[in-house]
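Student: So here's coords-v6.cif, just mmCIF, C-alpha atoms and all ligand atoms:
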```
data_protein
#
loop_
_atom_site.label_atom_id
_atom_site.label_comp_id
_atom_site.auth_asym_id
_atom_site.auth_seq_id
_atom_site.Cartn_x
_atom_site.Cartn_y
_atom_site.Cartn_z
CA MET S 1 12.12 5.62 -18.29
CA ASN S 2 15.61 5.52 -19.82
CA ARG S 3 16.09 1.85 -19.18
CA PRO S 4 12.70 0.14 -19.64
CA PRO S 5 12.94 -3.46 -18.43
CA LEU S 6 10.72 -4.72 -21.27
CA PRO S 7 10.97 -3.70 -24.93
CA GLN S 8 8.42 -0.93 -25.35
CA ASP S 9 7.64 -2.04 -28.89
CA LEU S 10 6.35 -5.33 -27.48
CA ILE S 11 3.70 -3.33 -25.59
CA GLU S 12 2.91 -1.25 -28.66
CA ARG S 13 2.57 -4.29 -30.86
CA GLU S 14 0.21 -5.98 -28.42
CA ASN S 15 -1.78 -2.77 -27.96
CA ALA S 16 -2.20 -2.34 -31.71
CA ALA S 17 -3.95 -5.70 -31.87
CA ARG S 18 -6.36 -4.71 -29.11
CA LEU S 19 -7.00 -1.05 -29.74
CA ALA S 20 -10.02 -1.28 -32.04
CA ALA S 21 -11.95 -3.44 -29.58
CA LEU S 22 -10.98 -1.20 -26.69
CA GLN S 23 -12.08 1.93 -28.54
CA ASP S 24 -15.42 0.30 -29.35
CA GLU S 25 -16.02 -0.69 -25.71
CA TYR S 26 -14.84 2.71 -24.49
CA ASP S 27 -17.25 4.53 -26.82
CA SER S 28 -20.13 2.31 -25.79
CA LEU S 29 -19.47 2.90 -22.08
CA GLY S 30 -19.02 6.58 -22.85
CA ARG S 31 -22.55 6.73 -24.30
CA ALA S 32 -23.98 4.90 -21.29
CA LEU S 33 -22.25 7.27 -18.88
CA ASN S 34 -23.35 10.22 -20.94
CA ARG S 35 -26.96 9.18 -20.36
CA ARG S 36 -26.14 9.36 -16.64
CA GLY S 37 -24.75 12.86 -17.14
CA ARG S 38 -21.11 11.80 -16.82
CA SER S 39 -18.20 12.39 -19.14
CA ILE S 40 -16.09 9.30 -19.64
CA ASP S 41 -13.05 11.37 -20.58
CA ALA S 42 -13.20 13.28 -17.29
CA VAL S 43 -13.22 10.00 -15.35
CA LYS S 44 -10.45 8.61 -17.55
CA ASP S 45 -8.27 11.65 -16.80
CA LYS S 46 -8.76 11.13 -13.07
CA VAL S 47 -7.94 7.45 -13.39
CA LYS S 48 -4.84 8.29 -15.41
CA ALA S 49 -3.56 10.42 -12.53
CA PHE S 50 -4.14 7.66 -9.96
CA ALA S 51 -0.96 6.20 -8.41
CA VAL S 52 -0.05 3.73 -5.69
CA ALA S 53 3.36 2.69 -4.34
CA VAL S 54 4.55 -0.92 -4.44
CA PRO S 55 6.29 -2.39 -1.39
CA THR S 56 9.84 -3.56 -2.13
CA TRP S 57 9.28 -6.52 0.20
CA GLY S 58 6.21 -7.51 -1.81
CA LEU S 59 8.30 -8.08 -4.93
CA GLY S 60 9.95 -11.10 -3.40
CA VAL S 61 7.89 -14.23 -2.82
CA GLY S 62 6.25 -14.14 0.59
CA GLY S 63 5.81 -16.93 3.04
CA THR S 64 3.86 -17.98 6.05
CA ARG S 65 5.32 -18.81 9.40
CA PHE S 66 5.33 -22.41 8.21
CA ALA S 67 7.15 -22.18 4.91
CA LYS S 68 8.19 -20.14 1.95
CA PHE S 69 8.22 -21.54 -1.57
CA PRO S 70 10.63 -19.57 -3.74
CA ILE S 71 10.11 -19.24 -7.50
CA PRO S 72 12.82 -19.35 -10.17
CA GLY S 73 13.95 -15.86 -11.14
CA GLU S 74 12.79 -14.35 -7.86
CA PRO S 75 14.42 -11.01 -7.01
CA ILE S 76 16.60 -11.03 -3.91
CA THR S 77 18.54 -7.78 -3.92
CA ILE S 78 16.98 -4.34 -3.88
CA HIS S 79 18.38 -3.81 -7.39
CA GLU S 80 16.50 -6.83 -8.70
CA LYS S 81 13.39 -5.76 -6.83
CA LEU S 82 13.52 -2.33 -8.44
CA GLU S 83 13.83 -3.92 -11.84
CA ASP S 84 10.68 -5.96 -11.19
CA ALA S 85 8.90 -2.89 -9.80
CA ALA S 86 9.75 -1.16 -13.08
CA VAL S 87 8.04 -3.99 -14.99
CA VAL S 88 4.92 -3.52 -12.87
CA ASN S 89 4.98 0.17 -13.67
CA GLN S 90 5.88 -0.13 -17.33
CA LEU S 91 2.89 -2.34 -18.04
CA GLY S 92 0.38 -0.78 -15.65
CA ARG S 93 1.60 2.87 -15.49
CA LEU S 94 0.13 3.45 -12.08
CA THR S 95 2.91 2.44 -9.69
CA PRO S 96 5.66 5.03 -10.24
CA THR S 97 7.12 4.68 -6.73
CA ALA S 98 8.43 1.96 -4.44
CA SER S 99 8.20 1.99 -0.67
CA PRO S 100 11.45 0.63 0.82
CA HIS S 101 11.96 -1.22 4.10
CA PHE S 102 15.14 -0.83 6.17
CA PRO S 103 17.48 -2.47 6.90
CA TRP S 104 16.26 -5.00 4.29
CA ASP S 105 16.87 -2.54 1.44
CA LYS S 106 19.89 -0.79 2.92
CA VAL S 107 22.67 0.14 0.49
CA ASP S 108 25.90 2.05 1.06
CA ASP S 109 25.12 4.64 -1.58
CA ALA S 110 21.51 5.76 -1.36
CA ALA S 111 22.02 8.55 -3.90
CA ALA S 112 23.18 5.98 -6.45
CA LEU S 113 20.10 3.85 -5.71
CA ARG S 114 17.91 6.86 -6.31
CA GLU S 115 19.54 7.35 -9.72
CA GLU S 116 19.24 3.69 -10.53
CA ALA S 117 15.52 3.85 -9.74
CA ALA S 118 15.07 7.03 -11.79
CA GLU S 119 16.64 5.30 -14.81
CA LEU S 120 13.93 2.67 -14.43
CA GLY S 121 11.27 5.37 -14.21
CA LEU S 122 10.78 4.96 -10.45
CA GLY S 123 10.87 7.18 -7.38
CA PHE S 124 10.61 6.34 -3.68
CA ASP S 125 7.58 6.60 -1.47
CA ALA S 126 7.47 6.39 2.35
CA VAL S 127 10.36 4.54 4.00
CA ASN S 128 9.52 1.82 6.52
CA SER S 129 11.53 1.09 9.65
CA ASN S 130 11.96 -2.37 11.09
CA THR S 131 12.28 -2.88 14.83
CA PHE S 132 10.34 -6.15 14.79
CA GLN S 133 13.40 -8.30 14.07
CA ASP S 134 16.91 -8.42 15.44
CA GLN S 135 19.68 -7.75 12.95
CA ALA S 136 23.03 -9.57 13.07
CA SER S 137 24.95 -6.45 14.00
CA GLN S 138 22.48 -5.31 16.62
CA LYS S 139 23.51 -4.92 20.29
CA LEU S 140 20.18 -5.12 22.09
CA SER S 141 17.25 -7.40 21.32
CA TYR S 142 13.69 -6.41 20.39
CA LYS S 143 12.29 -9.64 21.78
CA PHE S 144 10.36 -7.67 24.39
CA GLY S 145 9.72 -4.54 22.37
CA SER S 146 11.46 -1.65 20.67
CA LEU S 147 10.16 1.92 20.94
CA SER S 148 8.19 1.00 24.07
CA HIS S 149 10.76 -1.37 25.61
CA THR S 150 11.18 -1.20 29.39
CA ASP S 151 14.93 -0.69 28.86
CA ARG S 152 15.97 2.85 27.90
CA ALA S 153 19.02 1.78 25.88
CA THR S 154 16.87 -0.54 23.74
CA ARG S 155 14.41 2.27 23.11
CA GLU S 156 17.25 4.56 22.12
CA GLN S 157 18.59 1.98 19.70
CA ALA S 158 15.15 1.72 18.07
CA VAL S 159 14.88 5.52 17.86
CA ALA S 160 18.33 5.70 16.26
CA HIS S 161 17.27 3.16 13.63
CA ASN S 162 14.21 5.24 12.75
CA ILE S 163 16.39 8.34 12.43
CA ASP S 164 18.72 6.37 10.14
CA CYS S 165 15.69 5.51 8.03
CA ILE S 166 14.79 9.20 7.74
CA GLU S 167 18.32 10.00 6.58
CA LEU S 168 18.25 7.24 4.00
CA GLY S 169 14.82 8.40 2.92
CA VAL S 170 16.05 11.96 2.42
CA ALA S 171 18.80 10.67 0.13
CA LEU S 172 16.22 8.63 -1.79
CA GLY S 173 13.79 11.52 -2.18
CA SER S 174 11.12 10.13 0.17
CA LYS S 175 8.86 12.41 2.13
CA ALA S 176 7.54 10.17 4.89
CA LEU S 177 8.45 7.53 7.43
CA THR S 178 6.06 4.71 8.30
CA VAL S 179 6.45 3.28 11.78
CA TRP S 180 4.92 -0.06 12.62
CA ILE S 181 6.09 -1.69 15.84
CA ALA S 182 5.52 -5.25 16.94
CA ASP S 183 5.60 -4.18 20.60
CA GLY S 184 3.00 -5.69 22.85
CA SER S 185 2.50 -8.64 25.15
CA ASN S 186 1.56 -12.30 24.98
CA PHE S 187 0.23 -12.74 28.52
CA ALA S 188 -2.18 -10.87 30.72
CA GLY S 189 -0.23 -8.82 33.21
CA GLN S 190 2.98 -8.99 31.20
CA GLN S 191 2.90 -5.32 30.32
CA HIS S 192 1.56 -2.19 31.99
CA PHE S 193 -0.62 -0.81 29.18
CA ALA S 194 -0.34 2.88 30.05
CA ARG S 195 3.39 2.88 30.85
CA ALA S 196 4.21 1.06 27.63
CA LEU S 197 2.27 3.64 25.63
CA GLU S 198 3.97 6.51 27.47
CA ARG S 199 7.38 5.05 26.64
CA TYR S 200 6.33 4.71 22.99
CA LEU S 201 5.28 8.33 22.87
CA GLU S 202 8.56 9.51 24.36
CA SER S 203 10.47 7.55 21.71
CA MET S 204 8.23 8.86 18.94
CA ARG S 205 8.84 12.44 20.10
CA ALA S 206 12.54 11.92 19.45
CA ILE S 207 11.80 10.54 15.97
CA TYR S 208 9.34 13.32 15.25
CA ALA S 209 11.98 15.91 16.19
CA ALA S 210 14.29 14.44 13.51
CA LEU S 211 11.73 14.83 10.69
CA PRO S 212 12.62 17.32 7.96
CA ALA S 213 10.19 20.22 7.61
CA ASP S 214 8.38 18.73 4.61
CA TRP S 215 8.14 15.19 5.99
CA LEU S 216 5.31 13.27 7.63
CA VAL S 217 5.44 10.29 9.95
CA PHE S 218 2.75 7.62 9.57
CA ILE S 219 1.72 5.60 12.60
CA GLU S 220 0.48 2.16 11.66
CA HIS S 221 -1.77 0.34 14.10
CA LYS S 222 -2.35 -3.40 14.31
CA PHE S 223 -4.44 -5.24 16.84
CA TYR S 224 -2.44 -8.45 17.17
CA GLU S 225 0.52 -10.42 15.88
CA PRO S 226 3.25 -11.16 16.71
CA ALA S 227 2.07 -10.06 20.16
CA PHE S 228 -1.08 -12.08 20.73
CA TYR S 229 -2.51 -10.65 23.92
CA SER S 230 -2.07 -6.91 23.42
CA THR S 231 -0.26 -4.52 21.12
CA VAL S 232 0.90 -1.05 22.07
CA ILE S 233 -0.55 0.64 18.97
CA SER S 234 -3.55 -1.60 18.75
CA ASP S 235 -6.16 0.43 16.92
CA TRP S 236 -6.97 3.68 15.18
CA GLY S 237 -7.98 5.32 18.48
CA THR S 238 -4.54 4.77 19.96
CA SER S 239 -2.91 5.79 16.68
CA PHE S 240 -5.02 8.95 16.60
CA TRP S 241 -4.11 9.80 20.18
CA ALA S 242 -0.39 9.34 19.52
CA ALA S 243 -0.53 11.35 16.28
CA SER S 244 -2.40 14.14 18.09
CA GLN S 245 0.15 14.23 20.90
CA LEU S 246 3.03 14.41 18.45
CA GLY S 247 1.82 17.23 16.21
CA PRO S 248 0.74 18.07 12.66
CA LYS S 249 3.44 16.02 10.92
CA ALA S 250 2.18 12.81 12.53
CA ARG S 251 -0.63 10.97 10.76
CA CYS S 252 -2.42 7.66 11.01
CA LEU S 253 -1.90 4.91 8.47
CA VAL S 254 -4.62 2.37 7.82
CA ASP S 255 -3.44 -1.11 6.82
CA LEU S 256 -6.62 -2.83 5.72
CA GLY S 257 -5.56 -6.15 7.27
CA HIS S 258 -4.92 -4.78 10.74
CA HIS S 259 -8.43 -4.90 12.16
CA ALA S 260 -10.65 -7.51 13.70
CA PRO S 261 -12.90 -9.28 11.17
CA ASN S 262 -16.03 -7.32 10.27
CA THR S 263 -14.63 -3.99 11.44
CA ASN S 264 -16.13 -1.08 9.53
CA ILE S 265 -12.89 0.15 7.97
CA GLU S 266 -14.51 2.71 5.70
CA MET S 267 -15.92 4.43 8.77
CA ILE S 268 -12.46 4.53 10.36
CA VAL S 269 -11.27 6.22 7.17
CA SER S 270 -14.08 8.76 7.43
CA ARG S 271 -13.30 9.48 11.08
CA LEU S 272 -9.59 9.99 10.41
CA ILE S 273 -10.42 12.36 7.54
CA GLN S 274 -12.86 14.29 9.73
CA PHE S 275 -10.25 14.60 12.47
CA GLY S 276 -7.53 15.72 10.03
CA LYS S 277 -5.25 12.78 10.73
CA LEU S 278 -5.47 10.41 7.78
CA GLY S 279 -1.94 9.86 6.48
CA GLY S 280 -2.09 6.87 4.21
CA PHE S 281 -2.91 3.28 3.47
CA HIS S 282 -1.40 -0.13 3.22
CA PHE S 283 -3.80 -1.80 0.82
CA ASN S 284 -4.32 -5.54 0.88
CA ASP S 285 -7.21 -7.86 1.63
CA SER S 286 -7.99 -10.39 4.31
CA LYS S 287 -10.49 -13.00 5.32
CA TYR S 288 -9.35 -13.71 8.86
CA GLY S 289 -6.48 -11.53 10.06
CA ASP S 290 -3.40 -9.84 8.65
CA ASP S 291 -3.57 -12.17 5.66
CA ASP S 292 -1.84 -9.74 3.25
CA LEU S 293 -3.86 -11.09 0.33
CA ASP S 294 -4.19 -9.17 -2.94
CA ALA S 295 -6.26 -5.99 -2.67
CA GLY S 296 -9.90 -6.57 -3.52
CA SER S 297 -9.50 -10.35 -3.78
CA VAL S 298 -11.78 -11.06 -0.83
CA ASN S 299 -13.94 -8.00 -0.35
CA PRO S 300 -13.96 -5.68 -3.37
CA PHE S 301 -17.06 -3.87 -2.13
CA GLN S 302 -15.23 -2.81 1.02
CA LEU S 303 -12.41 -1.42 -1.10
CA PHE S 304 -14.96 0.52 -3.15
CA LEU S 305 -16.49 1.90 0.05
CA VAL S 306 -13.07 3.06 1.23
CA PHE S 307 -12.61 4.90 -2.07
CA ASN S 308 -16.11 6.29 -1.73
CA GLU S 309 -14.96 8.03 1.46
CA LEU S 310 -11.77 9.26 -0.19
CA VAL S 311 -13.50 10.65 -3.28
CA ASP S 312 -16.24 12.21 -1.15
CA ALA S 313 -13.59 13.89 1.02
CA ALA S 314 -11.63 15.10 -2.02
CA ASP S 315 -14.84 16.58 -3.50
CA ARG S 316 -15.53 18.37 -0.23
CA LYS S 317 -11.90 19.57 -0.07
CA ALA S 318 -11.70 17.87 3.31
CA LEU S 319 -8.16 16.56 2.80
CA ASP S 320 -5.29 18.91 3.64
CA VAL S 321 -2.73 16.46 2.22
CA ALA S 322 -3.34 13.67 -0.26
CA PRO S 323 -3.18 10.34 1.61
CA ALA S 324 -0.25 8.12 0.64
CA TYR S 325 -1.37 4.98 -1.15
CA MET S 326 0.79 1.90 -0.75
CA LEU S 327 0.25 -1.79 -1.27
CA ASP S 328 1.36 -4.09 1.54
CA GLN S 329 0.88 -7.68 0.44
CA SER S 330 2.58 -11.03 0.77
CA HIS S 331 2.50 -13.11 -2.39
CA ASN S 332 2.82 -16.73 -1.38
CA VAL S 333 1.33 -18.57 -4.35
CA THR S 334 1.51 -16.07 -7.22
CA ASP S 335 4.20 -14.28 -9.20
CA PRO S 336 4.59 -11.00 -7.25
CA VAL S 337 4.79 -8.93 -10.45
CA GLU S 338 1.41 -10.27 -11.53
CA SER S 339 -0.19 -9.80 -8.12
CA LEU S 340 1.09 -6.24 -7.80
CA MET S 341 -0.12 -5.28 -11.28
CA ALA S 342 -3.53 -6.82 -10.63
CA SER S 343 -3.81 -5.25 -7.17
CA ALA S 344 -2.85 -1.78 -8.35
CA MET S 345 -5.45 -2.06 -11.12
CA GLU S 346 -8.00 -3.26 -8.59
CA LEU S 347 -7.47 -0.08 -6.58
CA GLN S 348 -7.73 2.00 -9.74
CA ARG S 349 -10.96 0.20 -10.64
CA ARG S 350 -12.59 0.91 -7.26
CA TYR S 351 -11.38 4.50 -7.44
CA ALA S 352 -12.91 4.92 -10.91
CA GLN S 353 -16.20 3.50 -9.66
CA ALA S 354 -16.15 5.81 -6.64
CA CYS S 355 -15.74 8.73 -9.07
CA LEU S 356 -18.96 7.59 -10.79
CA ILE S 357 -21.14 7.76 -7.67
CA ASP S 358 -24.04 10.15 -8.16
CA ARG S 359 -23.30 12.28 -5.08
CA ALA S 360 -26.38 14.51 -5.41
CA ARG S 361 -28.64 11.47 -5.54
CA LEU S 362 -26.86 9.93 -2.57
CA GLU S 363 -27.16 13.11 -0.54
CA GLN S 364 -30.84 13.37 -1.32
CA ALA S 365 -31.43 9.75 -0.32
CA GLN S 366 -29.61 10.38 2.94
CA ALA S 367 -31.62 13.53 3.64
CA GLU S 368 -34.85 11.63 3.03
CA ASN S 369 -33.70 8.56 4.97
CA ASP S 370 -34.23 6.53 1.85
CA ALA S 371 -31.96 3.63 2.73
CA LEU S 372 -32.68 1.56 -0.35
CA MET S 373 -32.07 4.42 -2.78
CA ALA S 374 -28.82 5.27 -0.98
CA LEU S 375 -27.51 1.74 -1.40
CA ASP S 376 -28.80 1.61 -4.96
CA THR S 377 -26.83 4.75 -5.76
CA LEU S 378 -23.63 3.14 -4.48
CA LYS S 379 -24.40 -0.13 -6.25
CA ALA S 380 -25.08 1.63 -9.56
CA ALA S 381 -21.46 2.83 -9.49
CA PHE S 382 -20.04 -0.40 -8.10
CA ASN S 383 -21.77 -2.47 -10.76
CA THR S 384 -20.45 -0.35 -13.63
CA ASP S 385 -17.77 -2.22 -15.53
CA VAL S 386 -15.05 0.42 -15.88
CA THR S 387 -12.56 -1.91 -17.60
CA PRO S 388 -12.49 0.18 -20.81
CA ILE S 389 -11.66 3.32 -18.81
CA LEU S 390 -8.72 1.59 -17.14
CA GLY S 391 -7.54 0.13 -20.43
CA MET S 392 -7.72 3.47 -22.21
CA ALA S 393 -5.92 5.25 -19.35
CA ARG S 394 -3.12 2.68 -19.54
CA HIS S 395 -2.89 2.86 -23.29
CA ARG S 396 -2.70 6.67 -23.25
CA SER S 397 0.06 6.51 -20.61
CA GLY S 398 2.18 4.08 -22.64
CA GLY S 399 1.20 0.98 -20.68
CA ALA S 400 -0.30 -2.27 -21.87
CA ILE S 401 -4.00 -2.66 -22.61
CA ASP S 402 -3.59 -6.24 -21.34
CA PRO S 403 -0.74 -6.06 -18.78
CA LEU S 404 -1.01 -9.65 -17.60
CA GLY S 405 -1.09 -11.02 -21.15
CA VAL S 406 1.93 -8.98 -22.22
CA TYR S 407 3.86 -9.94 -19.07
CA ARG S 408 3.32 -13.65 -19.70
CA TRP S 409 4.03 -13.28 -23.37
CA SER S 410 7.30 -11.42 -22.63
CA GLY S 411 8.74 -14.38 -20.72
CA TYR S 412 10.30 -11.91 -18.25
CA ARG S 413 10.41 -14.27 -15.29
CA ARG S 414 11.86 -17.06 -17.40
CA HIS S 415 14.66 -14.80 -18.62
CA LYS S 416 15.45 -13.81 -15.06
CA GLN S 417 15.98 -17.43 -14.05
CA ASN S 418 19.25 -17.45 -15.94
CA GLU S 419 20.44 -14.15 -14.45
CA ARG S 420 19.42 -14.63 -10.84
CA PRO S 421 20.75 -17.37 -8.59
CA ALA S 422 18.19 -19.85 -7.32
CA VAL S 423 17.07 -19.30 -3.74
CA ALA S 424 18.35 -22.34 -1.94
CA LYS S 425 16.90 -21.81 1.51
CA GLN S 426 13.23 -22.54 2.12
CA SER S 427 12.98 -20.44 5.23
CA ALA S 428 9.73 -19.48 6.89
CA GLY S 429 8.86 -15.85 7.46
CA ILE S 430 7.02 -12.89 6.03
CA VAL S 431 9.61 -12.14 3.35
C1 LIG O 501 3.44 -5.69 9.30
C2 LIG O 501 2.95 -4.32 8.88
C3 LIG O 501 4.02 -3.49 8.28
C4 LIG O 501 4.94 -4.23 7.37
C5 LIG O 501 5.38 -5.54 7.95
C6 LIG O 501 6.24 -6.33 6.99
O1 LIG O 501 2.38 -6.54 9.59
O2 LIG O 501 1.89 -4.46 7.98
O3 LIG O 501 3.47 -2.43 7.55
O4 LIG O 501 6.05 -3.40 7.20
O5 LIG O 501 4.26 -6.30 8.33
MN MN O 502 1.36 -2.69 6.73
MN MN O 503 0.52 -6.21 8.17
#
```
Go ahead and express the file in the form of C-alpha cells.
Ligand code: RM4
Ligand code: MN
Ligand code: MN
Tutor:
Amino acid sequence: MNRPPLPQDLIERENAARLAALQDEYDSLGRALNRRGRSIDAVKDKVKAFAVAVPTWGLGVGGTRFAKFPIPGEPITIHEKLEDAAVVNQLGRLTPTASPHFPWDKVDDAAALREEAAELGLGFDAVNSNTFQDQASQKLSYKFGSLSHTDRATREQAVAHNIDCIELGVALGSKALTVWIADGSNFAGQQHFARALERYLESMRAIYAALPADWLVFIEHKFYEPAFYSTVISDWGTSFWAASQLGPKARCLVDLGHHAPNTNIEMIVSRLIQFGKLGGFHFNDSKYGDDDLDAGSVNPFQLFLVFNELVDAADRKALDVAPAYMLDQSHNVTDPVESLMASAMELQRRYAQACLIDRARLEQAQAENDALMALDTLKAAFNTDVTPILGMARHRSGGAIDPLGVYRWSGYRRHKQNERPAVAKQSAGIV
C-alpha cells in the first residue's frame, strides 16, 4: 500500500490503546479452545488468510426502485470508489480486491487503473458484465433480453460486450467473468422456455471460446426480477446444466439473495461442490427476495452453515479451485464503507466459527443418527465468540482492532465532502 488513504499511524495509535484488552481476551479464549483441543493460533492464521472481494457498485449508495438518497462525499467515479475500497481494506485487511462492473467502471486506460489500484493496495477480482440495461451508445435494446434474445444481432451485441469485459479484465489482472442476465419473461406464454435457453447456451459458447486459458466464467442464477414470470437462468439446476454443457472453465455462482425464501442454500452449495461446479459467491442477506442487505444481518446462522460446507469440503480436499468470494450488496441507509467492512468481518466471523466445528464429533453423531448431538456440535461452534481472533488477525495484518471506531474517528467521509461534488440527482435504481 504505497498510498494508504488513511494515515497508518492513526490506526497504530488507536490499536495501542486497545491492545492490552485484546491480548487478555485472546488469551482467555485461547485457553477455552485449548480445553476443546483447538489451537487459537492455528485458527487465527486461517482467519488472517481469509479474503473477500468488494463490489465497486456497492461503494456508491444504493437505492430502491422508488428512490435513492445520496450521502455527502459519496464516490461517483471508479477512482473514488477504489479509494473508498482501499479504506475498507486498510482498516479490515480482508478485502484486497475489488470486483468491477462494466460499462459502469469502464476507463480508457485499464492498465493505468490497475496501477492506480495497486498503489492503493488493491487488485481486481472477477469482472461483471451488464446486459440488463441499455447504454446511451448502444444500437439494439435489451428490453426483451440479451444473450437469449430472439434477435440474433442483439445476441451478438451482448456477446461482444462480454468479450470486451474479458479484455478489460485481462488488462486489470482479473481471472474470471461473472455473467448475470436479466433475460426472462413477464407473462405466461411470452417466451418459449427451451428455445430461450438454447439461444443463451449458443451465446455463452461464444463467450466461453474467448476465455483465456487460466480464466473461469461464473454463471449467476436468479429466480425472478426484473423478469417476474420466468427467468432464463432461474436456479442452480439450470446454471449447473449450462456450466456442464460449456465445459470445465464454466462454474456456478451462488448469490445468496437469488433464491425463494426458505430455500436450503447450504445444501445447494454442497451439491455444487459434489458435482465439481461451485465457482463462487455473491454474499449478502435477504428477508424476502433479492434484498441485497448486509451479509449476516438477517440470517447469520445460514451464513455459518454455508461456511460449514466450505470448510468441510476444504478439509476433504473436495474443491479443485478455491471458490471466489465476493460481496454483492446495496447500501441504501448506511455508509457503504461501514457496511462493507462490517459485512466482510461477518463472513470472516462465520468462517472462523466453521473452522471450530468438531468434525469428528459431528461425523460420529451423523453415523449414530444422533440428531441433537449433531446440532449441538454445530451450535457449540456457532455460539463461540471469535471476536478476539478476528481482532488479533486484523492487528497482526496492520488493520484496526476497531475498524468502525477508527473510520468514524478519522472523519474520512466528512473530508471527502469537500473534494467530491454533491450528487444532485435523486434517481431511482440499483446503483
Ligand atoms: C443482480 C445480480 C448481479 C449484479 C446486479 C447489479 O441482481 O445480483 O450480480 O451484478 O444485480
Ligand atoms: Mn449478484
Ligand atoms: Mn442480485
Student: Which residue, S:Trp104, S:Gly30, S:Asp235, S:Asp312, has the smallest gap to Ala136 in chain S when you use all atoms listed in the file?
Tutor: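 Selected residue with least distance to Ala136 in chain S: S:Trp104.
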Student: Here is a test: counting all atoms listed in the file, which residue of S:Asn308, S:Thr384, S:Ser244, S:Asn284 is nearest to ligand LIG 501 (chain O)?
Tutor: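 Counting all atoms listed in the file, the residue closest to ligand LIG 501 (chain O) is S:Asn284.
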Student: For each of S:Pro212, S:Gly92, S:Gly237, S:Pro226, take the minimum atom-to-atom distance to Phe132 in chain S, counting all atoms listed in the file, then give the residue where this is smallest.
Tutor: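 Closest to Phe132 in chain S, using all atoms listed in the file: S:Pro226.
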Student: Taking all atoms listed in the file into account, which of S:Gly62, S:Val406, S:Gly276, S:Asn418 comes nearest Leu10 in chain S?
Tutor: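 Among S:Gly62, S:Val406, S:Gly276, S:Asn418, it is S:Val406 that comes nearest to Leu10 in chain S.
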Student: Please return as a PyMOL selection string the residues found within 10 Å of ligand MN 502 (chain O), counting only C-alpha atoms and all ligand atoms.
Tutor: chain S and resi 55+128+178-180+220-222+253-258+281-284+290+292+326-329
Student: Between S:Leu272, S:Leu140, S:Val127, S:Ile233, which one has atoms that come closest to Arg152 in chain S, using all atoms listed in the file?
Tutor: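 Among the listed residues, the smallest separation from Arg152 in chain S belongs to S:Leu140.
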Student: For range 315-324 of chain S, list every protein, DNA or RNA residue within 7 Å, evaluated using all atoms listed in the file, and leave out those in the same chain fewer than 6 positions away; present the list as a PDB file with C-alpha atoms, keeping the file's coordinate frame.
Tutor:
```
ATOM      1  CA  ILE S 273     -10.420  12.360   7.540  1.00  0.00           C
ATOM      2  CA  LEU S 278      -5.470  10.410   7.780  1.00  0.00           C
ATOM      3  CA  GLY S 279      -1.940   9.860   6.480  1.00  0.00           C
ATOM      4  CA  GLY S 280      -2.090   6.870   4.210  1.00  0.00           C
ATOM      5  CA  PHE S 281      -2.910   3.280   3.470  1.00  0.00           C
TER       6      PHE S 281
END
```
Student: Which is closer to Ala250 in chain S than all the others in S:Trp215, S:Phe307, S:Trp409, S:Phe187, using all atoms listed in the file?
Tutor: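 Among the listed residues, the smallest separation from Ala250 in chain S belongs to S:Trp215.
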Student: What does the distance between CA of Ile268 in chain S and CA of Val306 in chain S come to in Å, to one decimal place?
Tutor: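 Pair CA of Ile268 in chain S / CA of Val306 in chain S returns 9.3 Å.
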Student: As JSON, please report the centre and edge lengths, rounded to one decimal in Å, of the axis-aligned box that holds all listed atoms of range 21-34 of chain S with 5 Å of padding on each of the six sides.
Tutor:
```
{"center_x": -17.5, "center_y": 3.4, "center_z": -24.2, "size_x": 23.0, "size_y": 23.7, "size_z": 20.7}
```
Student: Work out how far apart CA of Asn332 in chain S and CA of Val61 in chain S are and give it in Å to one decimal.
Tutor: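 Between CA of Asn332 in chain S and CA of Val61 in chain S the gap is 5.8 Å.
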Student: Can you work out the spacing between CA of Asp125 in chain S and CA of Gly173 in chain S in Å, to one decimal?
Tutor: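 Separation between CA of Asp125 in chain S and CA of Gly173 in chain S: 8.0 Å.
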Student: Contacts of Gly121 in chain S at 7 Å or less, counting only C-alpha atoms, minus same-chain residues fewer than 3 places along, as an NGL selection string?
Tutor: :S and (1 or 86 or 96 or 117-118)
Student: (-8.6, 5.1, -14.3) in this file's frame - what residues fall within 9 Å of it? Use only C-alpha atoms and give the answer as an MDAnalysis selection string.
Tutor: chainID S and resid 43:50 345 348:349 351:352 386:387 389:394
Student: List every protein, DNA or RNA residue with an atom no more than 12 Å from (10.2, -0.1, -17.9) in the file's coordinates, counting all atoms listed in the file, and format the result as a ChimeraX atom specification.
Tutor: /S:1-11,82-93,95-96,117-122,398-400,407,412
Student: Might you pull out every residue within 12 Å of Tyr200 in chain S, with all atoms listed in the file counted and same-chain residues fewer than 4 positions away left off, and present them as JSON, numbers by chain?
Tutor: {"S": [145, 146, 147, 148, 149, 150, 151, 152, 154, 155, 156, 158, 159, 179, 180, 181, 182, 183, 184, 193, 194, 195, 196, 204, 205, 206, 207, 208, 219, 231, 232, 233, 238, 239, 241, 242, 243, 245, 246]}
Student: Neighbours of range 163-165 of chain S within 10 Å (only C-alpha atoms; same-chain residues fewer than 6 positions away dropped), as a JSON list (two decimals) with C-alpha atoms, keeping the file's coordinate frame?
Tutor:
```
[["chain", "number", "residue", "atom", "x", "y", "z"],
["S", 100, "PRO", "CA", 11.45, 0.63, 0.82],
["S", 101, "HIS", "CA", 11.96, -1.22, 4.10],
["S", 102, "PHE", "CA", 15.14, -0.83, 6.17],
["S", 103, "PRO", "CA", 17.48, -2.47, 6.90],
["S", 106, "LYS", "CA", 19.89, -0.79, 2.92],
["S", 127, "VAL", "CA", 10.36, 4.54, 4.00],
["S", 128, "ASN", "CA", 9.52, 1.82, 6.52],
["S", 129, "SER", "CA", 11.53, 1.09, 9.65],
["S", 130, "ASN", "CA", 11.96, -2.37, 11.09],
["S", 157, "GLN", "CA", 18.59, 1.98, 19.70],
["S", 171, "ALA", "CA", 18.80, 10.67, 0.13],
["S", 176, "ALA", "CA", 7.54, 10.17, 4.89],
["S", 177, "LEU", "CA", 8.45, 7.53, 7.43],
["S", 178, "THR", "CA", 6.06, 4.71, 8.30],
["S", 206, "ALA", "CA", 12.54, 11.92, 19.45],
["S", 207, "ILE", "CA", 11.80, 10.54, 15.97],
["S", 208, "TYR", "CA", 9.34, 13.32, 15.25],
["S", 209, "ALA", "CA", 11.98, 15.91, 16.19],
["S", 210, "ALA", "CA", 14.29, 14.44, 13.51],
["S", 211, "LEU", "CA", 11.73, 14.83, 10.69]]
```
